[in-house]
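Here the structure is laid out as structure tokens; the discussion comes afterwards.
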Amino acid sequence: MKGWLPVEQRWLRLLLDALVPPLPGDPAPGMSTLDLSAFWPALSHAAPPLLRLGLRASVWLLTWLPLVTPGFFAPFFVMEEARRDRYLTTALSSRLFLVRQLVQTLKIVACFALFQDRGARAALGVQP
Amino acid sequence: MNVTDGGTIRAPHQLDCDVVVVGSGPAGAAVARTVAATGARVVVLEEGPWVKTADFPVDAFSAMAQLWRDMGASVALGNAPMPLLQGRVLGGTSVVNGAISWRLPKDVWQGWIDADPALEAGLPWDELSTTFAEIERDLHIAPTDPAVAGPKNLLMAKGAEALGLEHRPIARNVDGCRGLGRCLQGCPEGHKQSMTETYLPDASRRGAQILCQVEVSGILRDGRRAVGVVGRAAGGGAVEVRADRAVVLAASAVQTPLLLIGSGIAEGPVGENFQAHPGTSVSGRFREPVEAWRGATQGHEVIGLRREGIKFEVLGYDAAIVASRLEGVGKAFSRQLRDMAHHAQWGAAIRAEMVGRVSPGWGGRPSVRYGLTDGDVAKVRRGVRVLGELLLAAGAEFVTPGVHGWHEQVSDPEVMARFEDEGPRDPKAYHVAITHLFGTCRMGSNRARSVVRPDFRHHAIDRLYVADSSVFPTNTGVNPQTSILALATLCGRAIAR
């Protein structure tokens, strides 16, 4: 994303990879296997300020919130894969509307990126 | 169709005409076509780009980035933030909507007349009815052909039949639809009879000049008379259009009041009385593939509860949107993606009682204040319940209501039936988006309570007209495109007189 710090971009990528991971033995890609080099500039250009702000807030909050969340007590980037999965599942059903919305925002962005990729569409049975 | 691209306008550009129309969606196109037919010199200004039929994208992200205002991520703020969907492209929302056509229900019209009998002179039912028939002929409006409906639409018919709810194929403005399911990304074959396929080319043939990528920033005045508009082209050139007879605002119920306020024309309740149709959806998993992204985008509706203010429609989107509504994250979500073809999503549109407000916000962007009343949330609860029951009656193995704090999956109709009582009262528990925007320049006879007169003229400024759904006194409870076209046609006739 334009104007983001490299560390924010890494956190974003970690979160997206955890949101849509590849499944073992399945040909369909997860986020980590997609080339998003064209997607981010397009999103930066098209997204309104509130969405850009929401996306950045998602990255910061979901990276650091687990540090103070019972059962996790670590920032997102140091957790191993299964705990990341569990943390995002917890956050998605948080009683806090803001937390739920931030996960949902990331999820929508992940879906946009995934289904913009023709290879991913084909692998998931969506033609063209 | 001859369209000047504002991207090529780099130097100051001045035009003279009889009538300048701001906005090229259904309202602007209908006014332009009607007035141009009388021989008047018409200029149409559109903020968005002209995306040609062959260039409409396949996927949701590309479509939302190119064709939708703010990627469909503008948000109305209130007791639950809700995305607000508007097109921003030549042809306006007609390019990216589901092609659903409804005449303005007579009971809604009657409500307007009962509240302000002077409206009948501007909106006579007989003339409206004739105009609806003309529009239906022009835009090839007809019930969805079962041959292109696809499973998601046919299943709704089955569910409604099982529950004994009144239902029907949706009447749509399409000609030769093949059921590609891409209405919301722009029909790549030009079968949807959007304004770029119909009224704008008509207006162009009749001499109207159409400019896209020109953002209008102000209304020029000579005392209490509107004489033109100013704006800026995407190429950087200032644009000034002088109009001898009329300045017509048709920029939507969000942008039109902002243009008035920004031009110092703030008389009357401009920006007040913002009304809409909030909508929510429920997903159902069927044993057989449904492929919600295929078949007529929105081809079937349940209308048995319309008079209660709830209407049910099949939803058809690109797979990206279908996926984003599936439950879960992580591995569970990845597994759901592999099963996505089996999920159908149907929606409930609410005739909300909430009245909100549009005003200039941060950085010149619109600020939309709008929430849901308790009564609206009750309708949403009823909507979710009926959607779940419809899906189960149609054969869904389970439904995912998508409501925070309630069951993630329901397969028992008796459980679903309890939702109306058990469902959360907090609007934040629901996924709600707003479509169909109305009322911010309400039409009426009382200048303290309305912005334009029953003949669409501004109460305070001569030669200034508003033609879009801003003038609707209330929301309609049904998809408004045909009503907007009809009222704007009447506006065009009023200008021509």
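Chain identifiers are assigned as A, B, and so on, following the order in which chains appear in the structure tokens; residues are numbered from 1 within each chain, and ligands are numbered from 1 in order of appearance.
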### Task
Counting only C-alpha atoms, collect the residues of chain B whose closest atom lies at most 6 Å from chain A, and write them out as number ranges by chain.
B: 59, 61, 65, 70, 320, 324, 329-330, 334
### Residues of stretch 139-244 of chain B in strand (DSSP E or B), written as JSON, numbers by chain
{"B": [141, 142, 143, 167, 168, 169, 171, 172, 173, 174, 192, 209, 210, 211, 212, 214, 215, 216, 217, 218, 219, 220, 221, 222, 225, 226, 227, 228, 229, 230, 231, 232, 233, 238, 239, 240, 241, 242, 243, 244]}
### Message
Among stretch 262-397 of chain B, which ones does DSSP assign to alpha helix (DSSP H) (computed from the backbone)? Answer as number ranges by chain.
### Response
B: 262, 319-324, 330-338, 374-393
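Minimum atom-to-atom distances from A:Ala120, A:Met31, A:Lys2, A:Glu8 to A:Val59 were compared using only C-alpha atoms, and the lowest value belongs to A:Glu8.
Between atom CA of B:Gly405 and atom CA of A:Pro70 lies a distance of 20.3 Å.
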